[in-house]
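Participant: Below is the file coords-v7.cif, with mmCIF, C-alpha atoms.
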```
data_my_file
loop_
_atom_site.label_atom_id
_atom_site.label_comp_id
_atom_site.auth_asym_id
_atom_site.auth_seq_id
_atom_site.Cartn_x
_atom_site.Cartn_y
_atom_site.Cartn_z
CA MET A 1 101.37 109.03 74.09
CA MET A 2 104.44 108.13 76.14
CA GLU A 3 106.02 104.74 75.47
CA ASP A 4 106.22 102.27 78.34
CA ARG A 5 109.91 102.80 79.07
CA GLU A 6 109.43 106.57 79.17
CA ILE A 7 106.68 106.18 81.76
CA LEU A 8 108.88 103.89 83.84
CA ARG A 9 111.75 106.38 83.69
CA GLU A 10 109.51 109.35 84.53
CA THR A 11 108.23 107.44 87.56
CA TRP A 12 111.78 106.49 88.57
CA GLU A 13 113.00 110.07 88.35
CA GLY A 14 110.29 111.55 90.60
CA ARG A 15 111.82 113.74 93.31
CA ILE A 16 110.57 115.56 96.44
CA PRO A 17 112.31 118.64 97.92
CA VAL A 18 112.72 118.12 101.67
CA CYS A 19 113.85 120.53 104.39
CA PHE A 20 115.26 118.57 107.35
CA GLN A 21 115.26 120.42 110.67
CA LEU A 22 116.51 119.27 114.06
CA ALA A 23 113.78 119.34 116.73
CA SER A 24 114.32 122.62 118.62
CA GLU A 25 114.12 120.95 122.06
CA GLU A 26 116.99 118.62 121.11
CA VAL A 27 119.43 121.38 120.12
CA TYR A 28 122.29 121.24 122.65
CA THR A 29 124.74 123.75 121.15
CA VAL A 30 124.56 127.54 121.37
CA GLU A 31 124.58 127.72 117.62
CA GLN A 32 121.37 126.58 115.95
CA PRO A 33 121.93 124.02 113.15
CA ASP A 34 121.05 125.19 109.66
CA PRO A 35 118.25 123.26 107.99
CA PHE A 36 119.47 120.64 105.53
CA PHE A 37 117.86 120.62 102.08
CA LEU A 38 117.76 117.56 99.84
CA LEU A 39 115.99 116.57 96.64
CA VAL A 40 115.12 112.95 97.45
CA PRO A 41 113.85 110.14 95.17
CA ARG A 42 110.16 109.37 95.67
CA LEU A 43 110.90 105.66 95.26
CA SER A 44 113.63 105.44 97.90
CA TYR A 45 113.51 105.03 101.69
CA PHE A 46 114.63 107.70 104.14
CA PRO A 47 117.46 105.58 105.70
CA LEU A 48 119.11 105.40 102.26
CA VAL A 49 119.27 109.17 101.76
CA THR A 50 119.81 110.70 105.21
CA ASP A 51 123.45 109.86 106.05
CA LYS A 52 124.61 113.43 105.39
CA VAL A 53 121.63 114.84 107.27
CA GLN A 54 122.47 112.77 110.33
CA ARG A 55 126.14 113.81 110.30
CA HIS A 56 125.05 117.46 109.99
CA MET A 57 122.56 117.32 112.88
CA VAL A 58 124.33 115.04 115.32
CA LYS A 59 126.96 117.72 116.04
CA HIS A 60 124.26 119.83 117.67
CA ILE A 61 122.81 117.36 120.14
CA ASP A 62 123.88 116.21 123.59
CA PRO A 63 126.27 113.22 123.13
CA GLU A 64 124.22 111.38 125.74
CA ASP A 65 121.14 111.73 123.53
CA GLN A 66 122.64 110.07 120.45
CA GLY A 67 120.02 107.37 120.09
CA GLU A 68 118.61 106.09 116.82
CA MET A 69 117.60 108.92 114.50
CA TRP A 70 113.92 109.03 113.56
CA LEU A 71 111.77 111.40 111.55
CA GLU A 72 108.41 113.09 111.89
CA ALA A 73 106.32 115.56 109.90
CA ASP A 74 103.75 117.77 111.64
CA GLY A 75 103.97 115.56 114.70
CA GLN A 76 103.46 112.34 112.70
CA PRO A 77 106.29 109.78 113.08
CA LEU A 78 107.35 108.61 109.60
CA LYS A 79 107.66 104.88 109.04
CA TRP A 80 111.03 104.29 107.36
CA HIS A 81 109.81 101.08 105.66
CA TYR A 82 107.25 103.07 103.63
CA PRO A 83 108.72 104.58 100.43
CA ILE A 84 109.37 108.33 100.72
CA GLY A 85 106.79 109.08 98.01
CA VAL A 86 104.13 107.16 99.92
CA LEU A 87 104.88 109.13 103.10
CA PHE A 88 104.68 112.41 101.18
CA ASP A 89 101.43 111.43 99.46
CA LEU A 90 99.98 110.60 102.89
CA TYR A 91 101.27 113.52 104.95
CA GLY A 92 102.80 116.13 102.64
CA SER A 93 101.35 118.68 100.25
CA SER A 94 102.47 119.86 96.83
CA GLU A 95 101.19 123.29 97.91
CA LYS A 96 103.79 123.44 100.70
CA LEU A 97 107.22 122.71 99.33
CA PRO A 98 109.84 121.95 100.40
CA TRP A 99 108.35 119.34 102.72
CA THR A 100 109.51 120.04 106.29
CA VAL A 101 110.68 116.91 108.10
CA THR A 102 111.85 117.02 111.71
CA ILE A 103 114.91 115.06 112.87
CA ARG A 104 114.82 113.49 116.34
CA PHE A 105 117.24 111.38 118.37
CA LYS A 106 115.37 111.11 121.69
CA ASN A 107 112.20 109.30 122.78
CA PHE A 108 112.04 106.77 119.95
CA PRO A 109 108.33 105.91 119.47
CA GLU A 110 108.62 102.16 120.03
CA GLU A 111 104.93 101.49 119.48
CA GLU A 112 104.77 103.35 116.15
CA LEU A 113 108.08 102.78 114.37
CA LEU A 114 110.30 99.81 113.55
CA HIS A 115 113.98 100.12 114.37
CA CYS A 116 116.39 100.47 111.45
CA PRO A 117 119.95 99.93 112.71
CA ASN A 118 121.60 99.81 109.26
CA LYS A 119 121.11 99.68 105.49
CA GLU A 120 121.13 95.87 105.59
CA THR A 121 117.79 96.13 107.41
CA VAL A 122 116.40 98.16 104.50
CA GLU A 123 117.79 95.64 102.00
CA SER A 124 116.16 92.76 103.86
CA HIS A 125 112.81 94.57 103.92
CA PHE A 126 113.06 95.48 100.24
CA LEU A 127 113.87 91.96 99.04
CA SER A 128 111.21 90.45 101.31
CA THR A 129 108.59 92.75 99.76
CA LEU A 130 109.82 91.87 96.26
CA LYS A 131 109.38 88.19 97.05
CA GLU A 132 105.88 88.80 98.39
CA ALA A 133 104.96 90.67 95.21
CA ASP A 134 106.29 87.87 93.00
CA ALA A 135 104.39 85.27 95.04
CA LEU A 136 101.22 87.17 94.14
CA LYS A 137 102.11 87.69 90.48
CA HIS A 138 103.92 84.48 89.53
CA ARG A 139 103.57 82.17 92.58
CA GLY A 140 107.18 83.12 93.41
CA GLN A 141 108.53 81.31 90.36
CA VAL A 142 110.46 84.26 88.89
CA ILE A 143 112.23 85.55 92.01
CA ASN A 144 113.07 81.98 93.12
CA SER A 145 114.63 81.20 89.73
CA MET A 146 117.01 84.14 90.04
CA GLN A 147 120.55 83.84 91.31
CA LYS A 148 121.91 85.79 94.28
CA LYS A 149 123.75 88.08 91.88
CA ASP A 150 120.39 89.04 90.33
CA HIS A 151 119.01 89.95 93.76
CA LYS A 152 122.13 92.00 94.39
CA THR A 153 121.78 93.76 91.03
CA LEU A 154 118.20 94.70 91.91
CA TRP A 155 119.24 96.05 95.30
CA THR A 156 122.35 97.97 94.21
CA GLY A 157 120.55 99.41 91.19
CA PHE A 158 117.74 100.58 93.42
CA MET A 159 119.96 101.86 96.26
CA ASN A 160 122.29 103.73 93.90
CA ASP A 161 119.45 105.16 91.77
CA LYS A 162 120.60 103.33 88.61
CA PHE A 163 117.53 102.90 86.42
CA ASP A 164 119.10 100.75 83.69
CA GLN A 165 120.87 98.47 86.16
CA PHE A 166 117.70 97.88 88.17
CA TRP A 167 115.44 97.31 85.17
CA SER A 168 117.90 94.90 83.53
CA VAL A 169 116.64 92.39 86.14
CA ASN A 170 113.29 93.84 87.22
CA LYS A 171 111.86 93.46 83.70
CA ARG A 172 111.72 89.71 84.37
CA LEU A 173 109.52 90.33 87.41
CA MET A 174 107.21 92.50 85.31
CA GLU A 175 106.74 89.95 82.55
CA ASN A 176 103.75 87.63 82.59
CA GLY A 177 105.66 84.42 81.98
CA GLY A 178 103.56 83.21 79.10
CA GLU A 179 100.33 84.20 80.82
CA ASP A 180 98.28 87.13 79.60
CA LEU A 181 98.23 88.79 83.04
CA PHE A 182 99.57 88.43 86.58
CA LYS A 183 97.77 85.96 88.86
CA TYR A 184 97.04 88.66 91.45
CA ILE A 185 97.88 92.38 91.62
CA PRO A 186 100.32 93.28 94.44
CA PHE A 187 98.95 96.43 96.07
CA ARG A 188 98.64 98.21 99.39
CA ILE A 189 96.14 100.92 100.24
CA TYR A 190 97.30 103.49 102.79
CA GLN A 191 95.27 105.84 104.96
CA ALA A 192 96.81 108.08 107.63
CA GLU A 193 97.20 106.23 110.94
CA GLU A 194 95.55 103.07 109.55
CA VAL A 195 96.99 99.62 108.84
CA PRO A 196 97.54 99.24 105.06
CA ILE A 197 94.89 97.22 103.26
CA GLN A 198 95.83 94.19 101.15
CA LYS A 199 93.49 91.74 99.45
CA LEU A 200 93.73 89.11 96.73
CA ILE A 201 92.52 90.90 93.60
CA LYS A 202 92.77 89.36 90.13
CA PRO A 203 93.53 91.59 87.09
CA ILE A 204 90.35 90.27 85.41
CA ASP A 205 86.94 90.28 87.09
CA THR A 206 84.38 87.46 87.10
CA SER A 207 82.85 88.82 83.88
CA GLY A 208 86.15 88.63 82.01
CA ASN A 209 86.73 92.40 82.05
CA LEU A 210 89.93 94.12 83.16
CA THR A 211 89.73 95.04 86.83
CA THR A 212 89.98 98.82 87.26
CA LEU A 213 91.08 101.01 90.13
CA ARG A 214 87.39 101.74 90.76
CA HIS A 215 86.62 98.03 91.13
CA LEU A 216 89.58 97.57 93.45
CA LEU A 217 88.42 100.36 95.77
CA LYS A 218 84.88 98.97 95.86
CA LEU A 219 86.18 95.52 96.76
CA ALA A 220 88.76 96.71 99.30
CA ILE A 221 86.78 99.44 101.09
CA ALA A 222 83.05 98.85 101.41
CA ASP A 223 82.04 102.47 102.02
CA PHE A 224 84.59 104.19 99.78
CA PHE A 225 81.99 105.55 97.35
CA LYS A 226 79.15 107.84 98.44
CA THR A 227 77.54 107.00 95.10
CA ASP A 228 78.86 104.97 92.16
CA ASP A 229 80.82 107.95 90.88
CA LEU A 230 81.57 110.00 94.00
CA PRO A 231 84.50 108.73 96.09
CA CYS A 232 84.81 109.71 99.73
CA GLN A 233 88.55 110.38 99.43
CA ARG A 234 91.17 111.38 96.89
CA VAL A 235 93.25 108.56 95.41
CA VAL A 236 96.95 109.33 94.92
CA ILE A 237 99.46 107.03 93.23
CA GLN A 238 103.02 108.20 92.55
CA GLY A 239 101.97 111.77 93.34
CA VAL A 240 99.14 111.91 90.79
CA GLU A 241 95.40 111.25 90.94
CA PRO A 242 94.75 108.69 88.18
CA SER A 243 91.43 107.98 86.52
CA LEU A 244 89.50 105.42 88.56
CA ASP A 245 88.78 103.60 85.31
CA THR A 246 92.46 102.80 84.71
CA PRO A 247 93.06 99.02 84.49
CA LEU A 248 94.95 97.64 87.48
CA SER A 249 97.14 95.48 85.27
CA TRP A 250 98.48 98.56 83.45
CA MET A 251 99.06 100.42 86.71
CA SER A 252 100.85 97.45 88.23
CA GLU A 253 103.25 97.28 85.28
CA HIS A 254 103.90 101.04 85.01
CA LEU A 255 103.26 102.72 88.37
CA SER A 256 104.49 100.13 90.88
CA HIS A 257 107.41 100.99 93.16
CA PRO A 258 110.69 99.09 92.77
CA ASP A 259 109.39 96.65 95.42
CA ASN A 260 106.83 95.68 92.72
CA PHE A 261 103.85 96.78 94.82
CA LEU A 262 101.31 99.35 93.69
CA HIS A 263 101.14 101.79 96.62
CA ILE A 264 97.79 103.59 96.76
CA CYS A 265 97.34 106.55 99.14
CA LEU A 266 93.97 107.91 100.21
CA ARG A 267 93.70 111.56 101.24
CA PRO A 268 90.71 113.59 102.46
CA SER A 269 88.68 115.10 99.62
CA ILE A 270 89.20 118.79 98.97
CA PRO A 271 86.03 120.69 99.97
CA ILE A 272 84.22 122.24 97.03
CA GLU A 273 83.99 126.01 97.46
CA SER A 274 80.51 127.46 97.04
#
```
Show me this structure written as C-alpha cells.
Facilitator:
Amino acid sequence: MMEDREILRETWEGRIPVCFQLASEEVYTVEQPDPFFLLVPRLSYFPLVTDKVQRHMVKHIDPEDQGEMWLEADGQPLKWHYPIGVLFDLYGSSEKLPWTVTIRFKNFPEEELLHCPNKETVESHFLSTLKEADALKHRGQVINSMQKKDHKTLWTGFMNDKFDQFWSVNKRLMENGGEDLFKYIPFRIYQAEEVPIQKLIKPIDTSGNLTTLRHLLKLAIADFFKTDDLPCQRVVIQGVEPSLDTPLSWMSEHLSHPDNFLHICLRPSIPIES
C-alpha cells in the first residue's frame, strides 16, 4: 500500500496532454497556425500554463481582435478558475487524448466566464479558496496564524510546480490541530453547466461513524442514487472513480487540490451493453 506522501506526490504529478488550436474563423494570416501541444498539470489553472500558447497563436489573428484570450472545448467555454483536472474530468475523455482545446480572442462570453487579466487574479482566487477551506476545517485559525511569507511560499510552490516547497507549508493546513478530524470537509461537486454544490458536511456522521463519499452524495444530491447501491452518475475525483465507501476525511487529506478543496466531478453513467 502506498504511503501518504507517495499518494500526495502521485496526485501532484498528474498530467493531461492538451492540443491547443486557434479557432479557424479567427485565423487572419494566410498560413494556418500549427497546433500547440502541452503536457499540463491537472492541479494547475489554464492562465498559469498558456503564456507560450498565447504568444504562438496571437501572431495569426487580426491585431484589432486581440481581446482577452479564452478557451473552449467542444463548444463549452472553460472556466479558468476551475482547476484544469476538474475541467478535463467534466468535459474531456481519457479515450480521446490529447484533449483538444480551442483558443479564442473574440466574443468573450461575459455571462459564462470571469475575466482574468493577469496571474495576480489567479493568485487572489487561489488564496481566497485556501482561506475558505481553512475556515471549514479549522475555523480559519491555521491560515490566519501564518505570515505573508508562508502565503507566498504556498503560491510560488504551487505556481512553479514545486511539490516540496508547497507542502512545507501546506502540511500545516492538512493537520487536525489537536483534533481527531477536521470540523467540516471542504468540497465542491461539479456537474456540466450546473452551479457547484457545497454543503456543511462533518467527517463523522450522527452515529459516530466516518462519513463516506456515499453518504456525502446522498446528503448533497437527493436523487443521486436510483437504489442504495446504484448511482445515477459516475463519480470522478482526480481522474479516478473511487469507491463510494471511501471515508471523506481520508480523501480530503490525500486527494484534495492545492486549494485544499476536494473537487468531485459527476459524469453521465456509461450505458451497459447488452
Participant: With the PyMOL selection byres ((chain A and resi 232) around 12) as the selection, what would be picked from this file? Answer as a list in words, please.
Facilitator: Leu217, Lys218, Ile221, Ala222, Asp223, Phe224, Phe225, Lys226, Thr227, Asp228, Asp229, Leu230, Pro231, Gln233, Arg234, Val235, Leu266, Arg267, Pro268, Ser269, Ile270 and Pro271 of chain A
Participant: One number please: CA of Ala135 (chain A) to CA of Ile201 (chain A), in Å, one decimal.
Facilitator: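 Here the two named atoms are 13.2 Å from each other.
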Participant: I'd like the contact shell of region 165-170 of chain A - 6 Å cut-off, only C-alpha atoms, skipping same-chain residues fewer than 4 positions apart - returned as a list in words.
Facilitator: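 Here the answer would be Leu154, Gly157 and Phe158 of chain A.
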Participant: Where does the PyMOL selection byres ((chain A and resi 41) around 9) land in this file, that is, which residues does it pick, as a VMD selection string?
Facilitator: chain A and resid 12 to 16 39 to 40 42 to 45 49 84 to 85 161
Participant: Emit the selected residues as a PDB file, keeping the file's coordinate frame, including C-alpha atoms.
Facilitator:
```pdb
ATOM      1  CA  TRP A  12     111.780 106.490  88.570  1.00  0.00           C
ATOM      2  CA  GLU A  13     113.000 110.070  88.350  1.00  0.00           C
ATOM      3  CA  GLY A  14     110.290 111.550  90.600  1.00  0.00           C
ATOM      4  CA  ARG A  15     111.820 113.740  93.310  1.00  0.00           C
ATOM      5  CA  ILE A  16     110.570 115.560  96.440  1.00  0.00           C
ATOM      6  CA  LEU A  39     115.990 116.570  96.640  1.00  0.00           C
ATOM      7  CA  VAL A  40     115.120 112.950  97.450  1.00  0.00           C
ATOM      8  CA  ARG A  42     110.160 109.370  95.670  1.00  0.00           C
ATOM      9  CA  LEU A  43     110.900 105.660  95.260  1.00  0.00           C
ATOM     10  CA  SER A  44     113.630 105.440  97.900  1.00  0.00           C
ATOM     11  CA  TYR A  45     113.510 105.030 101.690  1.00  0.00           C
ATOM     12  CA  VAL A  49     119.270 109.170 101.760  1.00  0.00           C
ATOM     13  CA  ILE A  84     109.370 108.330 100.720  1.00  0.00           C
ATOM     14  CA  GLY A  85     106.790 109.080  98.010  1.00  0.00           C
ATOM     15  CA  ASP A 161     119.450 105.160  91.770  1.00  0.00           C
TER      16      ASP A 161
END
```
Participant: Given the file above and the PyMOL selection byres ((chain A and resi 237) around 8), which residues are selected, and can you give them as a PyMOL selection string?
Facilitator: chain A and resi 89+235-236+238-242+255+262-265
Participant: With all atoms listed in the file as the atoms that count, which of A:Leu130, A:Met57, A:Leu48, A:Val195 lies nearest to Tyr28 (chain A)?
Facilitator: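 Smallest separation from Tyr28 (chain A) among the options: A:Met57.
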Participant: Looking at A:Ser207, A:Asn260, A:Lys202, A:Lys171, which one is nearest to Arg188 (chain A), with distances taken over only C-alpha atoms?
Facilitator: A:Asn260
Participant: State, in Å with one decimal place, the distance from CA of Thr11 (chain A) to CA of Leu114 (chain A).
Facilitator: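 If I compute the distance from CA of Thr11 (chain A) to CA of Leu114 (chain A), I get 27.2 Å.
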Participant: Could you tell me which of A:Pro83, A:Pro203, A:Gly92, A:Pro109 comes closest to Ser256 (chain A) if we count all atoms listed in the file?
Facilitator: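 That would be A:Pro83, the residue with the smallest distance to Ser256 (chain A).
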Participant: Counting only C-alpha atoms, figure out which residue out of A:Val27, A:Cys19, A:Leu213, A:Leu173 gets nearest to Glu132 (chain A).
Facilitator: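 Result for the nearest residue to Glu132 (chain A): A:Leu173.
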Participant: Counting only C-alpha atoms, which residues have an atom no more than 12 Å from (106.9, 83.3, 92.6) in the file's coordinates? Please list them as a list of chain:residue names.
Facilitator: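 The requested residues, written out, are A:Thr129, A:Leu130, A:Lys131, A:Glu132, A:Ala133, A:Asp134, A:Ala135, A:Leu136, A:Lys137, A:His138, A:Arg139, A:Gly140, A:Gln141, A:Val142, A:Ile143, A:Asn144, A:Ser145, A:Met146, A:Arg172, A:Leu173, A:Met174, A:Asn176, A:Gly177, A:Phe182, A:Lys183, A:Tyr184.
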Participant: Kindly give the distance, in Å, that separates CA of Leu78 (chain A) and CA of Glu110 (chain A), rounded to a single decimal.
Facilitator: 12.3 Å
Participant: Would you mind telling me which residue in A:Trp70, A:Trp250, A:Trp155, A:Phe20 lies nearest to Pro47 (chain A) when using all atoms listed in the file?
Facilitator: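 Closest to Pro47 (chain A), using all atoms listed in the file: A:Trp70.
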Participant: From the list A:Phe163, A:Ser243, A:Phe187, A:Gln198, which residue is nearest Arg5 (chain A) when using all atoms listed in the file?
Facilitator: A:Phe163
Participant: Would you write out, as a Markdown table, a table of all residues in region 25-68 of chain A that have an atom no more than 10 Å from an atom of region 96-103 of chain A, listing for each the closest atom pair and the distance in Å to one decimal, considering only C-alpha atoms and ordering rows by chain and rising residue number?
Facilitator:
```
| residue | atom | partner | partner_atom | distance |
| --- | --- | --- | --- | --- |
| A:Glu26 | CA | A:Ile103 | CA | 9.2 |
| A:Pro35 | CA | A:Thr100 | CA | 9.5 |
| A:Phe36 | CA | A:Val101 | CA | 9.9 |
| A:Phe37 | CA | A:Pro98 | CA | 8.3 |
| A:Leu38 | CA | A:Pro98 | CA | 9.1 |
| A:Leu39 | CA | A:Pro98 | CA | 9.0 |
| A:Val53 | CA | A:Ile103 | CA | 8.8 |
| A:Gln54 | CA | A:Ile103 | CA | 8.3 |
| A:Met57 | CA | A:Ile103 | CA | 8.0 |
| A:Val58 | CA | A:Ile103 | CA | 9.7 |
```
Participant: Would you mind exporting C-alpha atoms of the selected residues as an mmCIF file, keeping the file's coordinate frame?
Facilitator:
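Wrote selection_15.cif, looks like this:
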```cif
data_model
loop_
_atom_site.group_PDB
_atom_site.id
_atom_site.type_symbol
_atom_site.label_atom_id
_atom_site.label_comp_id
_atom_site.auth_asym_id
_atom_site.auth_seq_id
_atom_site.Cartn_x
_atom_site.Cartn_y
_atom_site.Cartn_z
ATOM 1 C CA GLU A 26 116.990 118.620 121.110
ATOM 2 C CA PRO A 35 118.250 123.260 107.990
ATOM 3 C CA PHE A 36 119.470 120.640 105.530
ATOM 4 C CA PHE A 37 117.860 120.620 102.080
ATOM 5 C CA LEU A 38 117.760 117.560 99.840
ATOM 6 C CA LEU A 39 115.990 116.570 96.640
ATOM 7 C CA VAL A 53 121.630 114.840 107.270
ATOM 8 C CA GLN A 54 122.470 112.770 110.330
ATOM 9 C CA MET A 57 122.560 117.320 112.880
ATOM 10 C CA VAL A 58 124.330 115.040 115.320
#
```
